[in-house]
>>> print(open('target.txt').read())   # compact mmCIF, C-alpha atoms and all ligand atoms
# COMPACT_ATOMS: atom_id res chain seq x y z
CA MET A 20 110.75 75.27 -145.47
CA ARG A 21 113.27 72.78 -144.07
CA ILE A 22 111.33 70.30 -141.96
CA VAL A 23 112.63 67.40 -139.89
CA LEU A 24 110.09 64.60 -139.62
CA GLY A 25 111.04 62.37 -136.71
CA VAL A 26 109.42 58.96 -136.56
CA ALA A 27 109.53 56.85 -133.41
CA GLY A 28 108.92 53.11 -133.23
CA GLY A 29 105.18 52.64 -133.09
CA ILE A 30 102.60 51.04 -135.33
CA ALA A 31 101.29 54.52 -136.24
CA ALA A 32 104.53 55.07 -138.20
CA TYR A 33 102.60 54.07 -141.32
CA LYS A 34 100.47 57.23 -140.93
CA SER A 35 103.63 59.29 -141.00
CA VAL A 36 104.21 58.12 -144.57
CA LEU A 37 101.04 60.02 -145.50
CA LEU A 38 102.17 63.00 -143.46
CA LEU A 39 105.50 62.97 -145.35
CA ARG A 40 103.62 63.01 -148.66
CA LEU A 41 101.47 65.93 -147.51
CA LEU A 42 104.53 67.94 -146.48
CA ARG A 43 106.33 67.15 -149.73
CA GLU A 44 103.28 67.99 -151.84
CA ALA A 45 103.11 71.35 -150.03
CA GLY A 46 106.61 71.99 -151.39
CA HIS A 47 108.71 71.45 -148.28
CA ASP A 48 112.15 69.98 -147.97
CA VAL A 49 111.72 67.09 -145.52
CA ARG A 50 114.48 65.16 -143.81
CA VAL A 51 113.08 62.00 -142.21
CA VAL A 52 114.80 60.91 -139.01
CA PRO A 53 113.40 57.59 -137.80
CA THR A 54 114.53 55.81 -134.67
CA ARG A 55 115.97 52.34 -135.14
CA ALA A 56 112.72 50.88 -133.83
CA ALA A 57 110.72 52.93 -136.36
CA LEU A 58 112.46 51.10 -139.18
CA GLU A 59 110.90 47.87 -137.86
CA PHE A 60 107.54 49.32 -138.88
CA VAL A 61 108.34 51.22 -142.08
CA GLY A 62 111.60 50.57 -143.89
CA ARG A 63 114.33 53.00 -144.88
CA ALA A 64 113.57 52.64 -148.59
CA THR A 65 110.06 54.08 -148.18
CA TRP A 66 111.33 57.14 -146.32
CA GLU A 67 114.22 57.71 -148.72
CA ALA A 68 112.05 57.36 -151.82
CA LEU A 69 109.34 59.71 -150.59
CA SER A 70 111.65 62.33 -149.06
CA ALA A 71 114.35 62.08 -151.75
CA GLN A 72 116.90 62.43 -148.95
CA PRO A 73 119.21 60.02 -147.15
CA VAL A 74 117.84 58.45 -144.01
CA THR A 75 120.02 57.77 -140.99
CA THR A 76 119.10 56.82 -137.46
CA ASP A 77 122.41 56.96 -135.60
CA VAL A 78 124.84 59.69 -134.68
CA PHE A 79 127.70 57.51 -135.91
CA GLU A 80 126.53 57.49 -139.53
CA ASP A 81 127.70 60.34 -141.80
CA VAL A 82 130.07 61.46 -139.03
CA ASP A 83 132.00 63.65 -141.49
CA GLN A 84 128.87 65.78 -141.96
CA VAL A 85 128.30 66.05 -138.17
CA ALA A 86 124.68 65.04 -138.81
CA HIS A 87 123.74 65.00 -135.14
CA VAL A 88 124.25 68.77 -135.04
CA ALA A 89 123.59 69.77 -138.64
CA VAL A 90 120.13 68.23 -139.01
CA GLY A 91 118.76 70.03 -135.96
CA LYS A 92 120.53 73.31 -136.71
CA GLN A 93 119.16 73.56 -140.23
CA ALA A 94 115.59 72.67 -139.29
CA GLU A 95 112.93 75.37 -139.41
CA LEU A 96 110.26 73.04 -138.01
CA VAL A 97 110.54 69.66 -136.29
CA ILE A 98 107.60 67.26 -136.20
CA VAL A 99 107.77 63.89 -134.44
CA ALA A 100 104.94 61.56 -135.41
CA PRO A 101 104.36 59.16 -133.84
CA ALA A 102 106.08 60.14 -130.60
CA THR A 103 106.09 57.00 -128.46
CA ALA A 104 106.17 56.92 -124.65
CA ASP A 105 109.86 56.02 -124.90
CA LEU A 106 110.62 58.94 -127.22
CA LEU A 107 108.78 61.37 -124.91
CA ALA A 108 110.80 60.03 -121.97
CA ARG A 109 114.10 60.39 -123.79
CA ALA A 110 113.23 63.88 -125.02
CA ALA A 111 112.09 64.97 -121.55
CA THR A 112 115.34 63.80 -119.97
CA GLY A 113 117.47 65.36 -122.69
CA GLN A 114 119.05 62.15 -123.93
CA ALA A 115 120.90 62.09 -127.22
CA ASP A 116 121.45 58.42 -127.90
CA ASP A 117 120.26 58.50 -131.49
CA LEU A 118 120.00 61.03 -134.31
CA LEU A 119 116.39 61.98 -133.51
CA THR A 120 116.95 62.80 -129.83
CA ALA A 121 120.23 64.57 -130.68
CA THR A 122 118.32 66.63 -133.24
CA LEU A 123 115.69 67.54 -130.63
CA LEU A 124 118.43 68.87 -128.35
CA VAL A 125 120.02 70.96 -131.06
CA ALA A 126 116.89 72.37 -132.74
CA ARG A 127 115.87 75.93 -131.79
CA CYS A 128 112.87 76.05 -134.13
CA PRO A 129 109.26 75.16 -133.18
CA VAL A 130 108.91 71.48 -132.25
CA LEU A 131 105.64 69.55 -132.48
CA LEU A 132 105.33 66.08 -130.97
CA ALA A 133 102.32 63.94 -131.92
CA PRO A 134 102.14 61.11 -129.39
CA ALA A 135 100.58 57.73 -130.13
CA MET A 136 100.58 54.81 -127.71
CA HIS A 137 98.25 52.63 -125.72
CA THR A 138 95.92 54.45 -123.34
CA GLU A 139 97.62 52.93 -120.28
CA MET A 140 100.99 54.28 -121.39
CA TRP A 141 99.58 57.74 -122.23
CA GLU A 142 97.86 57.97 -118.84
CA HIS A 143 100.81 56.63 -116.82
CA PRO A 144 102.12 59.27 -114.39
CA ALA A 145 105.60 58.95 -115.94
CA THR A 146 104.29 59.91 -119.39
CA VAL A 147 102.03 62.62 -117.93
CA ALA A 148 105.08 64.12 -116.16
CA ASN A 149 107.23 63.88 -119.30
CA VAL A 150 104.59 65.65 -121.39
CA ALA A 151 104.25 68.37 -118.75
CA THR A 152 108.05 68.85 -118.69
CA LEU A 153 108.24 69.11 -122.47
CA ARG A 154 105.32 71.55 -122.62
CA SER A 155 106.88 73.70 -119.89
CA ARG A 156 109.94 74.01 -122.15
CA GLY A 157 107.85 75.27 -125.03
CA VAL A 158 107.63 72.01 -126.96
CA HIS A 159 104.17 71.60 -128.50
CA VAL A 160 102.71 68.23 -127.62
CA LEU A 161 99.44 67.29 -129.32
CA ASP A 162 96.87 65.26 -127.42
CA PRO A 163 96.34 61.87 -128.99
CA VAL A 164 92.80 61.27 -130.13
CA ALA A 165 90.42 58.71 -128.73
CA GLY A 166 89.50 55.82 -130.94
CA ARG A 167 90.48 52.38 -132.12
CA LEU A 168 94.02 51.39 -131.13
CA THR A 169 96.16 48.58 -132.52
CA GLY A 170 93.96 45.72 -131.42
CA ALA A 171 90.26 45.71 -130.65
CA ASP A 172 90.87 48.17 -127.79
CA THR A 173 89.81 51.79 -127.88
CA GLY A 174 90.71 54.89 -125.84
CA PRO A 175 92.90 57.99 -126.05
CA GLY A 176 96.22 57.14 -127.69
CA ARG A 177 95.61 57.27 -131.42
CA LEU A 178 97.80 59.42 -133.63
CA PRO A 179 95.77 62.35 -135.03
CA GLU A 180 95.21 62.22 -138.79
CA PRO A 181 98.12 63.48 -140.95
CA GLU A 182 96.13 66.57 -142.05
CA ALA A 183 95.53 67.57 -138.41
CA ILE A 184 99.22 67.13 -137.55
CA ALA A 185 100.30 69.19 -140.56
CA GLU A 186 97.79 71.93 -139.69
CA ALA A 187 98.98 72.07 -136.08
CA ALA A 188 102.62 72.16 -137.21
CA PHE A 189 102.11 74.98 -139.71
CA ALA A 190 100.19 76.94 -137.08
CA LEU A 191 103.46 77.04 -135.09
CA VAL A 192 105.43 78.73 -137.84
CA THR A 193 102.84 81.13 -139.22
CA THR A 194 102.79 84.16 -137.00
CA THR A 195 99.31 84.85 -135.78
CA VAL A 196 97.95 88.38 -136.07
CA GLN A 197 98.12 90.03 -132.67
CA ASP A 198 94.63 91.51 -132.89
CA LEU A 199 93.89 90.76 -129.22
CA ALA A 200 97.10 92.38 -127.95
CA GLY A 201 96.44 94.33 -124.76
CA ARG A 202 92.96 92.81 -124.38
CA ARG A 203 91.81 90.90 -121.31
CA VAL A 204 89.54 87.96 -121.96
CA VAL A 205 87.78 85.52 -119.66
CA ILE A 206 86.78 82.10 -120.91
CA SER A 207 84.85 79.48 -118.98
CA ALA A 208 85.32 75.89 -120.11
CA GLY A 209 84.34 72.38 -119.09
CA GLY A 210 81.26 71.18 -117.25
CA THR A 211 80.03 71.92 -113.75
CA ARG A 212 79.41 69.28 -111.10
CA GLU A 213 76.61 69.83 -108.60
CA PRO A 214 77.09 67.65 -105.52
CA LEU A 215 74.41 65.39 -104.10
CA ASP A 216 76.62 63.99 -101.34
CA PRO A 217 80.39 63.62 -100.86
CA VAL A 218 80.68 61.07 -103.69
CA ARG A 219 77.90 61.84 -106.18
CA PHE A 220 77.12 64.77 -108.41
CA LEU A 221 74.96 65.91 -111.31
CA GLY A 222 77.27 66.65 -114.20
CA ASN A 223 77.52 66.64 -117.97
CA ARG A 224 79.69 65.32 -120.78
CA SER A 225 81.56 68.53 -121.62
CA SER A 226 85.30 67.87 -122.03
CA GLY A 227 86.27 71.54 -122.16
CA ARG A 228 88.07 71.08 -125.49
CA GLN A 229 86.34 73.94 -127.30
CA GLY A 230 86.85 76.33 -124.38
CA VAL A 231 90.51 75.37 -124.12
CA ALA A 232 90.92 75.87 -127.88
CA LEU A 233 89.39 79.36 -127.50
CA ALA A 234 91.83 80.13 -124.69
CA ARG A 235 94.81 78.93 -126.74
CA ALA A 236 93.72 80.93 -129.79
CA ALA A 237 93.19 84.11 -127.73
CA ARG A 238 96.62 83.69 -126.13
CA ASP A 239 98.20 83.24 -129.56
CA ARG A 240 96.46 86.43 -130.75
CA GLY A 241 98.04 88.38 -127.90
CA ALA A 242 95.30 88.44 -125.24
CA HIS A 243 95.75 88.14 -121.51
CA VAL A 244 93.58 85.09 -120.84
CA THR A 245 91.85 83.95 -117.65
CA LEU A 246 90.54 80.42 -118.10
CA VAL A 247 87.88 79.42 -115.60
CA ALA A 248 88.22 75.64 -115.78
CA ALA A 249 85.41 73.38 -114.61
CA ASN A 250 86.44 69.72 -114.41
CA LEU A 251 88.36 69.64 -117.68
CA THR A 252 89.32 66.30 -119.18
CA VAL A 253 92.01 67.96 -121.31
CA PRO A 254 95.21 69.67 -120.11
CA THR A 255 95.33 73.45 -119.81
CA PRO A 256 97.68 75.27 -122.20
CA ALA A 257 100.68 77.22 -120.90
CA GLY A 258 100.61 81.00 -120.66
CA LEU A 259 97.14 81.49 -119.15
CA ASP A 260 95.76 82.35 -115.72
CA VAL A 261 93.80 79.26 -114.75
CA VAL A 262 91.12 79.42 -112.04
CA ARG A 263 89.49 76.11 -111.11
CA ALA A 264 85.78 75.86 -110.41
CA GLU A 265 83.75 72.77 -109.56
CA THR A 266 80.14 73.90 -109.25
CA GLY A 267 78.06 76.46 -111.10
CA ALA A 268 78.21 78.77 -108.08
CA GLU A 269 82.03 78.61 -107.97
CA LEU A 270 82.19 79.17 -111.72
CA ARG A 271 79.88 82.19 -111.42
CA ASP A 272 82.06 83.77 -108.70
CA ALA A 273 85.26 83.15 -110.66
CA VAL A 274 83.87 84.45 -113.96
CA ARG A 275 82.35 87.57 -112.39
CA ALA A 276 85.55 88.40 -110.51
CA ALA A 277 87.64 88.14 -113.67
CA ALA A 278 85.00 89.80 -115.89
CA LYS A 279 85.17 93.11 -113.98
CA ASP A 280 88.09 94.25 -116.05
CA ALA A 281 87.72 92.09 -119.11
CA ASP A 282 87.10 93.24 -122.67
CA VAL A 283 85.55 89.90 -123.61
CA VAL A 284 83.79 87.15 -121.68
CA VAL A 285 83.16 83.82 -123.38
CA MET A 286 80.88 81.34 -121.64
CA ALA A 287 81.90 78.06 -123.23
CA ALA A 288 81.31 76.00 -120.08
CA ALA A 289 78.31 73.70 -119.81
CA VAL A 290 76.73 75.00 -116.62
CA ALA A 291 74.02 73.01 -114.86
CA ASP A 292 70.60 74.65 -115.19
CA TYR A 293 69.47 72.93 -111.99
CA ARG A 294 71.26 71.69 -108.90
CA PRO A 295 70.14 69.51 -106.00
CA ARG A 296 68.47 71.72 -103.37
CA THR A 297 70.75 70.30 -100.70
CA ALA A 298 74.05 68.49 -100.81
CA VAL A 299 74.18 66.25 -97.76
CA GLU A 300 77.45 65.91 -95.90
CA THR A 301 77.34 62.14 -95.51
CA LYS A 302 76.87 59.53 -98.20
CA ILE A 303 73.25 58.86 -99.10
CA LYS A 304 72.49 55.23 -98.18
CA LYS A 305 70.21 52.90 -100.08
CA SER A 306 66.84 52.85 -98.35
CA SER A 307 65.97 49.64 -96.50
CA ASP A 308 62.31 49.65 -97.56
CA GLY A 309 62.98 49.61 -101.32
CA SER A 310 61.72 53.17 -101.96
CA ALA A 311 63.69 55.31 -104.42
CA PRO A 312 64.80 58.77 -103.28
CA VAL A 313 63.29 61.79 -105.03
CA LEU A 314 65.75 64.53 -105.92
CA GLU A 315 64.58 68.06 -105.38
CA LEU A 316 66.25 70.45 -107.81
CA VAL A 317 66.46 74.22 -107.79
CA GLU A 318 67.30 76.48 -110.71
CA THR A 319 70.82 77.91 -110.89
CA VAL A 320 71.71 81.43 -111.95
CA ASP A 321 72.12 81.82 -115.71
CA ILE A 322 75.59 83.37 -115.64
CA LEU A 323 75.60 84.30 -119.32
CA ALA A 324 72.23 86.08 -119.20
CA GLU A 325 73.26 87.83 -115.98
CA LEU A 326 76.53 89.10 -117.52
CA ALA A 327 74.75 90.15 -120.71
CA HIS A 328 72.00 92.07 -118.94
CA GLU A 329 74.03 93.55 -116.11
CA ARG A 330 77.06 94.60 -118.23
CA LEU A 331 79.91 94.83 -115.73
CA ARG A 332 81.64 97.01 -118.34
CA THR A 333 79.79 98.96 -121.03
CA ASP A 334 82.17 98.10 -123.84
CA GLN A 335 82.43 94.39 -122.98
CA VAL A 336 81.71 91.75 -125.63
CA VAL A 337 79.77 88.83 -124.13
CA VAL A 338 79.78 85.53 -126.01
CA GLY A 339 77.62 82.51 -125.26
CA PHE A 340 77.45 78.98 -126.56
CA ALA A 341 74.33 77.00 -127.32
CA ALA A 342 74.44 73.26 -127.61
CA GLU A 343 71.27 72.30 -129.40
CA THR A 344 69.52 69.28 -130.82
CA GLY A 345 66.62 69.91 -133.16
CA ASP A 346 63.24 68.67 -131.95
CA ALA A 347 59.54 68.78 -132.83
CA ARG A 348 59.40 72.47 -131.88
CA GLY A 349 62.19 73.65 -134.10
CA SER A 350 65.53 73.08 -135.81
CA VAL A 351 68.96 73.59 -134.24
CA LEU A 352 69.13 77.09 -135.74
CA GLU A 353 65.59 78.08 -134.72
CA HIS A 354 66.37 77.12 -131.13
CA GLY A 355 69.67 79.02 -131.45
CA ARG A 356 67.90 82.19 -132.65
CA ALA A 357 65.42 82.05 -129.78
CA LYS A 358 68.27 81.56 -127.33
CA ALA A 359 70.24 84.49 -128.79
CA LEU A 360 67.29 86.79 -128.12
CA ARG A 361 66.65 85.34 -124.67
CA LYS A 362 70.24 85.47 -123.42
CA GLY A 363 71.09 88.97 -124.63
CA ALA A 364 74.73 88.12 -125.42
CA ASP A 365 76.49 89.95 -128.26
CA LEU A 366 77.37 86.69 -130.00
CA LEU A 367 75.98 83.19 -129.62
CA VAL A 368 77.91 80.23 -131.01
CA VAL A 369 75.38 77.54 -131.87
CA ASN A 370 76.43 73.96 -132.33
CA ALA A 371 74.50 70.80 -132.99
CA VAL A 372 75.14 68.06 -130.44
CA GLY A 373 74.13 64.44 -130.10
CA GLU A 374 74.79 61.51 -132.42
CA GLY A 375 78.53 61.72 -131.92
CA ARG A 376 78.72 65.45 -132.61
CA GLY A 377 80.00 68.15 -130.30
CA PHE A 378 80.82 66.61 -126.93
CA GLY A 379 84.30 65.19 -126.49
CA THR A 380 84.97 65.10 -130.24
CA GLU A 381 87.89 66.71 -132.05
CA ALA A 382 85.92 68.61 -134.65
CA ASN A 383 83.06 71.03 -134.39
CA ASP A 384 80.51 72.62 -136.68
CA VAL A 385 79.04 75.94 -135.57
CA THR A 386 76.95 78.91 -136.63
CA ILE A 387 77.66 82.26 -134.99
CA LEU A 388 74.65 84.53 -134.43
CA ASP A 389 74.47 88.06 -133.07
CA GLY A 390 72.23 89.16 -130.18
CA THR A 391 69.25 89.58 -132.49
CA GLY A 392 69.62 86.08 -133.89
CA GLU A 393 71.09 87.31 -137.20
CA PHE A 394 73.68 85.14 -138.94
CA VAL A 395 77.28 86.37 -138.48
CA ALA A 396 79.44 83.47 -139.68
CA SER A 397 79.67 79.72 -139.79
CA ALA A 398 82.72 77.57 -139.18
CA SER A 399 83.61 73.92 -139.25
CA GLY A 400 86.79 71.99 -138.68
CA THR A 401 88.95 71.33 -135.67
CA LYS A 402 88.07 73.09 -132.45
CA ASP A 403 91.14 75.33 -133.04
CA VAL A 404 89.79 76.44 -136.41
CA VAL A 405 86.37 77.14 -134.87
CA ALA A 406 88.06 79.05 -132.04
CA HIS A 407 89.81 81.39 -134.48
CA ARG A 408 86.54 82.07 -136.36
CA VAL A 409 84.89 82.98 -133.04
CA TRP A 410 87.72 85.42 -132.27
CA ASP A 411 87.39 86.88 -135.79
CA ALA A 412 83.74 87.63 -134.99
CA VAL A 413 84.68 89.05 -131.58
CA THR A 414 87.49 91.32 -132.83
CA ALA A 415 85.12 92.76 -135.43
CA ARG A 416 83.02 93.99 -132.47
CA LEU A 417 85.79 95.29 -130.23
N1 LIG A 501 74.90 79.18 -119.17
C1 LIG A 501 75.20 79.95 -118.07
N2 LIG A 501 74.66 79.64 -116.86
C2 LIG A 501 73.79 78.64 -116.71
C3 LIG A 501 73.46 77.85 -117.85
C4 LIG A 501 74.04 78.14 -119.06
O1 LIG A 501 75.98 80.88 -118.19
N3 LIG A 501 73.30 78.38 -115.54
C5 LIG A 501 75.49 79.53 -120.47
C6 LIG A 501 76.41 78.52 -121.06
O2 LIG A 501 77.75 78.73 -120.66
C7 LIG A 501 76.26 78.76 -122.54
C8 LIG A 501 74.83 79.22 -122.67
O3 LIG A 501 74.45 79.65 -121.37
O4 LIG A 501 77.08 79.82 -122.98
C9 LIG A 501 73.86 78.22 -123.21
O5 LIG A 501 73.48 77.28 -122.27
P1 LIG A 501 72.36 76.17 -122.57
O6 LIG A 501 72.33 75.27 -121.41
O7 LIG A 501 72.56 75.58 -123.91
O8 LIG A 501 71.07 77.07 -122.62
P2 LIG A 501 69.85 77.09 -121.66
O9 LIG A 501 69.59 78.50 -121.33
O10 LIG A 501 70.06 76.15 -120.56
O11 LIG A 501 68.67 76.62 -122.59
P3 LIG A 501 68.08 75.15 -122.81
O12 LIG A 501 68.67 74.26 -121.76
O13 LIG A 501 66.64 75.36 -122.69
O14 LIG A 501 68.51 74.78 -124.19
>>> encode(input="target.txt", output="structure tokens", more="lines below")
Ligand code: CTP
Amino acid sequence: MRIVLGVAGGIAAYKSVLLLRLLREAGHDVRVVPTRAALEFVGRATWEALSAQPVTTDVFEDVDQVAHVAVGKQAELVIVAPATADLLARAATGQADDLLTATLLVARCPVLLAPAMHTEMWEHPATVANVATLRSRGVHVLDPVAGRLTGADTGPGRLPEPEAIAEAAFALVTTTVQDLAGRRVVISAGGTREPLDPVRFLGNRSSGRQGVALARAARDRGAHVTLVAANLTVPTPAGLDVVRAETGAELRDAVRAAAKDADVVVMAAAVADYRPRTAVETKIKKSSDGSAPVLELVETVDILAELAHERLRTDQVVVGFAAETGDARGSVLEHGRAKALRKGADLLVVNAVGEGRGFGTEANDVTILDGTGEFVASASGTKDVVAHRVWDAVTARL
């Protein structure tokens, strides 16, 4: 395949050298198009040696070959890694002041941008708007990962590892089997917030990443997807019906409404098991006599168990998630088996959490059980890989 690897001027450019090697080792023809600033980080000689192709940054070089049009026209896949805040801004506004941005305007193939920058720049409204604009035009923009940045600082902004970028890029060009075509699926994602007063709530650490990955995978496999989103910390993909929910009660209403004519319901959201009995309308003040308030909690409805037992549609596949830590009473899998039987769902995706696993992380490690607690499949890798394995298990039951 003819791939254009764009490299913008950021410290993460060194990781793109590894990405270039990966692409070359996989047998692809790679034309590297750095920006002028990128060459401050990794020199032309490195790119030329590893790609075995000439490297130019400007539209005024190789004018006889009309490079600013030819490079983009011939590309079958464009990857930009790292994509800096400046590159995102120039791409979003359609500028063509160097060979890379000119190529982005000309290319009609799938385009994947892998941003890397400081957290402040990534979270700035200008960058947020640029990313939204690019995504609305069908450009695939990866989320940077959280972790160590250039200095001692940490936060979202790191370039994903070269393997993850390559995997995401190839996913754009391999056509996904449309085995969910014509199916309606409902997916809940994120974590509920149960209010105590106007400013405080009981919540949890769920980012919604796994649920969003499930929604994206179902969309790519042809499904009509309703995503019931509870306080997500990640953006929602294009091409879905998104219904927002804040509390468990709102999530329950939204899921049940959408589930009435759904073939599949996946409860990936972390729903509070208990909520404060009352949410007061004014802010709870610190007591003057030094006594601590006592919270009275009441149990919430188990939405998954309710859907599984009530069966809004006879032929509906109901999928639950179980976040488990092993304890003195049993291992992760033993707890998962017991939960599969208790919940009555058709499939239960069990994952181990705690000690840096599961919540808010990029990768996941799961075991899929059926309603009797029997092993169906296991999967590990990025949350997108896990999502596809879950849909494999679901489609086998449809
Ligand atoms: N769930 C739900 N409604 C709730 C609580 C959980 O639908 N009120 C769903 C979740 O979306 C998930 C599954 O149930 O699919 C597992 O939730 P979990 O909290 O792990 O299980 P619990 O039943 O709460 O068991 P325990 O807390 O004892 O582990």
>>> closest_atom_pairs(input="target.txt", of="region 178-271 of chain A", to="region 322-344 of chain A", cutoff="12 Å", atoms="only C-alpha atoms", output="Markdown table")
| residue | atom | partner | partner_atom | distance |
| --- | --- | --- | --- | --- |
| A:Arg202 | CA | A:Gln335 | CA | 10.7 |
| A:Arg203 | CA | A:Gln335 | CA | 10.1 |
| A:Val204 | CA | A:Val336 | CA | 9.4 |
| A:Val205 | CA | A:Val337 | CA | 9.8 |
| A:Ile206 | CA | A:Val338 | CA | 9.3 |
| A:Ser207 | CA | A:Gly339 | CA | 10.0 |
| A:Ala208 | CA | A:Phe340 | CA | 10.6 |
| A:Arg224 | CA | A:Ala342 | CA | 11.7 |
| A:Ser225 | CA | A:Ala342 | CA | 10.4 |
| A:Gln229 | CA | A:Phe340 | CA | 10.2 |
| A:Gly230 | CA | A:Phe340 | CA | 10.0 |
| A:Leu233 | CA | A:Val338 | CA | 11.5 |
| A:Gly267 | CA | A:Ile322 | CA | 8.6 |
| A:Ala268 | CA | A:Ile322 | CA | 9.2 |
| A:Glu269 | CA | A:Ile322 | CA | 11.1 |
| A:Leu270 | CA | A:Ile322 | CA | 8.8 |
| A:Arg271 | CA | A:Ile322 | CA | 6.1 |
>>> residues_around(input="target.txt", residues="region 26-42 of chain A", least_positions_apart="5", cutoff="9 Å", atoms="only C-alpha atoms", output="NGL selection string")
:A and (47-49 or 51-61 or 65-66 or 69-70 or 98-103 or 105-106 or 119 or 135-136 or 169 or 177-178 or 180-182 or 184-185)
>>> residues_around(input="target.txt", residues="region 250-256 of chain A", least_positions_apart="3", cutoff="7 Å", atoms="only C-alpha atoms", output="list in words")
Gly209, Gly210, Thr211, Ser226, Gly227, Arg228, Val231, Arg235, Leu259 and Glu265 of chain A
>>> residues_around(input="target.txt", residues="Ala415 (chain A)", least_positions_apart="4", cutoff="10 Å", atoms="only C-alpha atoms", output="PyMOL selection string")
chain A and resi 198+410-411
>>> write_last_selection(input="target.txt", atoms="C-alpha atoms", output="short mmCIF file (atom, residue, chain, number, x, y, z; two decimals), keeping the file's coordinate frame")
data_model
loop_
_atom_site.label_atom_id
_atom_site.label_comp_id
_atom_site.auth_asym_id
_atom_site.auth_seq_id
_atom_site.Cartn_x
_atom_site.Cartn_y
_atom_site.Cartn_z
CA ASP A 198 94.63 91.51 -132.89
CA TRP A 410 87.72 85.42 -132.27
CA ASP A 411 87.39 86.88 -135.79
#
>>> residues_around(input="target.txt", residues="region 301-315 of chain A", least_positions_apart="4", cutoff="7 Å", atoms="all atoms listed in the file", output="list in words")
Asp216, Pro217, Val218, Pro295 and Arg296 of chain A
